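What follows is one structure encoded as structure tokens, with my remarks underneath.
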Amino acid sequence: MTKPGDELLFLALGGSGEIGMNVNLYGCRGKWLMADLGLSFADPAYPGIDVVLPDLAFIEEWQEDLLGLVVTHGHEDHIGAIPYMALDLGVPIYATRFTAGLIHAKLEEEGLTDRVTVKIVKEGEPLKLGPFSVEWVPLAHSIPEMNALLIETPYGRVFHTGDWKLDENPVIGQPSGAEALKAIGKKGVLALMGDSTNVFNPEPSGSESSVRADLERFVGAAEKRVLITTFASNAARVQTLGQVAVATGRQVCVAGRSLDRIIKIAKAAGYLLDFPPTVDFDEAMRLPPKDVMIIATGGQGEARAALSRIAHDSHKLKLSEGDTVLFSSKQIPGNEEAIGIVQNALASRNIRMVTERQAHIHVSGHPGRPEIEALYGWLKPEIVVPVHGERRHMAEHARFAASLGVPRTLVQVNGDVVRLAPEGPKIVGHERAGRLVLDGDVILSANGTTMNERRKLSANGLVSVAIAVDKSGRAKGRPQIAVQGLPVEEDREDFIEDAAEAALDALASAPRDEAKLREAIRLGVRRRATAWTGKKPVVDVLLLRV
């Protein structure tokens with residue numbers, strides 16, 4: 001497409017049609033503004049991959065017109081791609097103090113602190129960037145300093161919600177109240193880009209402060225050691241857990257690098273200043289079990305996180321029969337199997353577990369339908385464009401917004417170019433919005449040659465054929481066959497002998513052209529493997545001319 005003209009455009013390159021990897025663009029009068037730059041975590045469709053990144057090819061083409069990256073908050077699905085992609089974008093990053101601290105830590109790990117500019121902004125103070133003026137509006141969420149973005153443009157104001165909820169009694173921070181949000185609505189909101197995650201939830205998410213009572217009850221009743229796992233980024237929950245430890249007479253031990261980092265950054269930003277002193281792993285194990293409470297990462301079943309290692313007895317911290325583990329977090333869809341592995345390991349050792357389904361020890365950071373209704377009643381947007389959700393979430397969000405009296409709604413997905421004004425909303429084009437993967441230290445296409453080959457290998461196995469051929473095209477000795485991942489266990493040697501015969505048969509009848517000869521051997525061996533196993537393995541052929 002050409003540069004945005006006398007219009008206001010919206011383009012999601014991630015986070016629309018999926019939960020995670022949020023990256024959004026606003027275009028106006030020849031310039032672009034990026035909101036958030038997050039990542040996703042890989043599923044089994046990406047063997048060997050942990051991190052999935054957005055494909056920014058579109059905006060990289062128009063890099064000279066990108067004014068900056070404005071960040072709503074510090075969750076991985078909103079800032080996680082920054083250390084991998086910000087250098088190429090070459091624009092300043094704008095974030096509030098706590099979020100900037102998280103971004104700085106990520107850049108420091110990659111050695112980029114001197115090459116990427118991070119500027120700290122203050123809530124409520126507008127930032128002028130070309131045709132845009134951006135104001136950070138504090139809202140509640142499960143991390144400090146979550147801010148909606150109020151974006152002023154020549155065509156009207158956009159309220160980009162980020163992740164949010166309503167909380168009248170927050171543990172950390174002071175989110176905007178009803179009157180402040182009504183005041184924004186009175187000045188007019190052209191379009192609202194809204195979080196769709198919990199749109200099917202008929203109940204409000206609940207206050208962060210409400211979880212303390214049950215946490216304190218279970219920790220107080222426990223007769224031995226207690227471990228509580230939660231999202232490391234939820235500094236408010238960490239604050240509550242510190243209060244619970246003090247109230248129940250237990251000393252705190254923190255397990256997990258991300259928790260250590262969050263606590264350090266939160267204190268630097270003025271939070272968690274009354275968090276109790278912690279003890280190290282050795283001291284925690286010397287204390288009487290009833291006197292210690294462990295706060296650990298790994299509630300989503302991450303194999304390398306502290307809880308998984310503790311559950312499998314490969315950590316300095318030990319749990320034993322009669323100890324209690326509280327899962328003060330929600331099970332993220334897709335993590336069920338990993339969480340089950342950890343919970344089964346704990347159950348095998350007769351360790352008691354309590355989850356948010358059994359007690360009120362977790363609340364969501366995203367809005368249920370009553371909260372969405374309240375916000376839209378205060379802001380009165382002319383247009384609602386759902387984001388941050390799978391297609392079913394966004395479609396329901398649009399229907400719900402329309403039922404609340406929102407005049408216009410539009411469901412878009414990654415890559416759709418939406419004109420918000422004039423005469424919007426309307427999809428006016430489509431741009432590339434794919435996925436990349438971080439494979440070791442290399443960024444690759446999520447569906448390129450490497451990943452497609454790896455999928456084939458993981459599904460079908462590999463047969464390697466090495467065969468020496470003389471100048472007349474005859475074999476010199478027996479072909480050497482190696483098998484990996486093909487289901488020929490007890491009869492492997494028989495299969496190898498048969499595959500060698502297949503290679504010789506192909507060699508005898510194939511043309512002398514080397515490429516055709518190699519392909520004939522490949523197909524002949526694969527057909528023989530399919531006859532044996534029903535699988536179609538990758539067959540790699542090495543011809544040695546002697």
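Each chain in the structure tokens gets a letter, A, B, ..., in the order shown, and its residues are numbered from 1; ligands are numbered from 1 in order too.
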With only C-alpha atoms as the counted atoms, please give the residues lying no more than 8 Å from Asp65 of chain A, apart from itself and same-chain residues fewer than 2 positions off, as a compact mmCIF listing (two decimals) with N, CA and C atoms, in the first residue's frame.
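Saved file around.txt follows:
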# COMPACT_ATOMS: atom_id res chain seq x y z
N GLY A 30 0.61 10.14 6.33
CA GLY A 30 1.94 9.73 5.92
C GLY A 30 2.79 9.12 7.01
N LYS A 31 2.29 9.03 8.24
CA LYS A 31 3.09 8.53 9.35
C LYS A 31 2.40 7.36 10.05
N TRP A 32 3.24 6.54 10.71
CA TRP A 32 2.75 5.38 11.46
C TRP A 32 3.17 5.48 12.92
N TRP A 62 8.27 0.59 5.52
CA TRP A 62 7.93 2.01 5.71
C TRP A 62 8.59 2.56 6.97
N GLN A 63 9.74 2.01 7.29
CA GLN A 63 10.43 2.34 8.55
C GLN A 63 10.66 3.84 8.71
N LEU A 67 7.07 6.66 13.65
CA LEU A 67 7.45 7.71 14.58
C LEU A 67 7.92 7.19 15.93
- Task: Give me the residues within 9 Å of Lys106 of chain A as a ChimeraX atom specification, counting only C-alpha atoms and dropping any in the same chain fewer than 5 places off.
- Result: /A:80,82-83,101,111-113
- Item | Residues flagged alpha helix (DSSP H) by DSSP in segment 253-333 of chain A, as a list in words | Arg257, Ser258, Leu259, Asp260, Arg261, Ile262, Ile263, Lys264, Ile265, Ala266, Lys267, Ala268, Phe281, Asp282, Glu283, Ala284, Met285, Arg286, Ala306, Leu307, Ser308, Arg309, Ile310 and Ala311 of chain A
Could you write out the selected residues, including C-alpha atoms, as an mmCIF file, in the first residue's frame?
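Resulting contents of part-v4.cif:
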data_model
loop_
_atom_site.group_PDB
_atom_site.id
_atom_site.type_symbol
_atom_site.label_atom_id
_atom_site.label_comp_id
_atom_site.auth_asym_id
_atom_site.auth_seq_id
_atom_site.Cartn_x
_atom_site.Cartn_y
_atom_site.Cartn_z
ATOM 1 C CA ARG A 257 14.852 -15.498 38.027
ATOM 2 C CA SER A 258 11.811 -13.686 36.651
ATOM 3 C CA LEU A 259 10.454 -13.191 40.176
ATOM 4 C CA ASP A 260 13.784 -11.824 41.356
ATOM 5 C CA ARG A 261 13.842 -9.443 38.390
ATOM 6 C CA ILE A 262 10.249 -8.258 38.885
ATOM 7 C CA ILE A 263 10.791 -7.574 42.580
ATOM 8 C CA LYS A 264 13.966 -5.607 41.845
ATOM 9 C CA ILE A 265 12.360 -3.528 39.085
ATOM 10 C CA ALA A 266 9.164 -2.981 41.097
ATOM 11 C CA LYS A 267 11.147 -1.649 44.054
ATOM 12 C CA ALA A 268 13.091 0.682 41.758
ATOM 13 C CA PHE A 281 17.402 -21.648 49.427
ATOM 14 C CA ASP A 282 19.764 -23.102 52.048
ATOM 15 C CA GLU A 283 18.229 -21.083 54.873
ATOM 16 C CA ALA A 284 14.718 -21.997 53.704
ATOM 17 C CA MET A 285 15.560 -25.700 53.970
ATOM 18 C CA ARG A 286 17.044 -25.259 57.457
ATOM 19 C CA ALA A 306 11.340 -23.463 39.560
ATOM 20 C CA LEU A 307 8.105 -25.333 40.314
ATOM 21 C CA SER A 308 8.685 -28.028 37.698
ATOM 22 C CA ARG A 309 12.205 -28.628 38.956
ATOM 23 C CA ILE A 310 10.986 -28.735 42.562
ATOM 24 C CA ALA A 311 8.163 -31.119 41.596
#
- Message: For the structure I just gave you, how does DSSP split segment 20-255 of chain A - specifically, which residues are strand (DSSP E)? Reply as a count of residues only.
- Response: 64
- Message: When you look at Gly524 of chain A with a cut-off of 7 Å (counting only C-alpha atoms), what residues show up, excluding the ones that are within fewer than 4 positions of it in the same chain? I need them as a ChimeraX atom specification.
- Response: /A:502-503,506,520,528
Selected residues, N, CA and C atoms, written as a compact mmCIF listing (two decimals), in the first residue's frame, please.
# COMPACT_ATOMS: atom_id res chain seq x y z
N ALA A 502 16.84 -51.71 -2.14
CA ALA A 502 16.03 -50.74 -2.88
C ALA A 502 16.92 -49.67 -3.51
N ALA A 503 17.95 -49.23 -2.78
CA ALA A 503 18.87 -48.23 -3.32
C ALA A 503 19.64 -48.79 -4.52
N ALA A 506 17.35 -49.03 -7.59
CA ALA A 506 17.14 -47.72 -8.19
C ALA A 506 18.38 -47.29 -8.97
N ALA A 520 15.93 -40.84 -7.88
CA ALA A 520 15.44 -42.21 -8.04
C ALA A 520 15.75 -43.04 -6.80
N ARG A 528 10.11 -48.20 -0.12
CA ARG A 528 10.36 -49.39 0.68
C ARG A 528 10.05 -49.12 2.17
Residues of segment 485-517 of chain A that have any atom at most 12 Å from an atom of segment 447-459 of chain A: could you tabulate them with the shortest-distance atom pair and the distance in Å to one decimal, using only C-alpha atoms, ordered by chain and increasing number, as JSON lines?
{"residue": "A:Gly485", "atom": "CA", "partner": "A:Ser458", "partner_atom": "CA", "distance": 7.7}
{"residue": "A:Leu486", "atom": "CA", "partner": "A:Ala459", "partner_atom": "CA", "distance": 9.4}
{"residue": "A:Pro487", "atom": "CA", "partner": "A:Ala459", "partner_atom": "CA", "distance": 11.1}
Residues as selected, N, CA and C atoms, written as a short mmCIF file (atom, residue, chain, number, x, y, z; two decimals), in the first residue's frame, can you do that?
data_model
loop_
_atom_site.label_atom_id
_atom_site.label_comp_id
_atom_site.auth_asym_id
_atom_site.auth_seq_id
_atom_site.Cartn_x
_atom_site.Cartn_y
_atom_site.Cartn_z
N GLY A 485 14.18 -42.26 13.96
CA GLY A 485 12.77 -41.92 14.16
C GLY A 485 11.79 -42.71 13.33
N LEU A 486 12.22 -43.77 12.65
CA LEU A 486 11.32 -44.61 11.87
C LEU A 486 10.96 -45.83 12.71
N PRO A 487 9.69 -46.23 12.74
CA PRO A 487 9.29 -47.32 13.64
C PRO A 487 9.70 -48.70 13.12
#
- To one decimal place, how far is atom CA of Ile143 of chain A from atom CA of Asn234 of chain A in Å?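 Separation of atom CA of Ile143 of chain A and atom CA of Asn234 of chain A: 4.7 Å.
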- Message: If we count only C-alpha atoms and set the cut-off at 9 Å, which residues sit around His160 of chain A, ignoring sequence neighbours fewer than 2 positions away in its own chain? Please answer as a ChimeraX atom specification.
- Response: /A:35,72,148-151,158,162,191-195
- Item | Long-range neighbours of Leu346 of chain A as JSON, numbers by chain, 9 Å cut-off, only C-alpha atoms, 2 positions minimum in chain | {"A": [310, 311, 312, 319, 320, 325, 341, 342, 343, 344, 348, 349, 350, 351, 352, 353]}
List as a JSON list (two decimals) with C-alpha atoms, in the first residue's frame the protein and nucleic acid residues near Val219 of chain A, meaning an atom at most 9 Å away when only C-alpha atoms are counted, but skip any in the same chain fewer than 6 places from it.
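This is the output file around.json:
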[["chain", "number", "residue", "atom", "x", "y", "z"],
["A", 226, "VAL", "CA", 3.92, -24.06, 51.63],
["A", 244, "VAL", "CA", 0.22, -13.35, 53.83],
["A", 245, "ALA", "CA", 3.64, -14.60, 54.89],
["A", 248, "THR", "CA", 0.97, -16.32, 59.12],
["A", 293, "MET", "CA", 6.63, -19.93, 52.43],
["A", 324, "THR", "CA", 1.06, -27.70, 50.18],
["A", 326, "LEU", "CA", -1.16, -23.26, 45.92]]
- Message: For a quick check of understanding, using only C-alpha atoms, which of A:Asp50, A:Leu517, A:Leu544, A:Val428 has the smallest distance to Leu11 of chain A?
- Response: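 The closest residue to Leu11 of chain A is A:Val428.
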- Item | Pick from A:Ala100, A:Val70, A:Val463, A:Ala475 nearest to Val488 of chain A, counting only C-alpha atoms |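 So, comparing all the options, the nearest one is A:Val463.
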- Item | Point-to-point distance in Å for atom CA of Ala433 of chain A and atom CA of Glu382 of chain A |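 Interatomic distance here is 27.0 Å.
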- Item | Gap from atom CA of Pro202 of chain A to atom CA of Met394 of chain A - Å, one decimal | 15.6 Å
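Proximity to Pro277 of chain A was assessed for A:Leu8, A:Cys253, A:Ile184, A:Val292 counting only C-alpha atoms; the smallest distance is recorded for A:Cys253.
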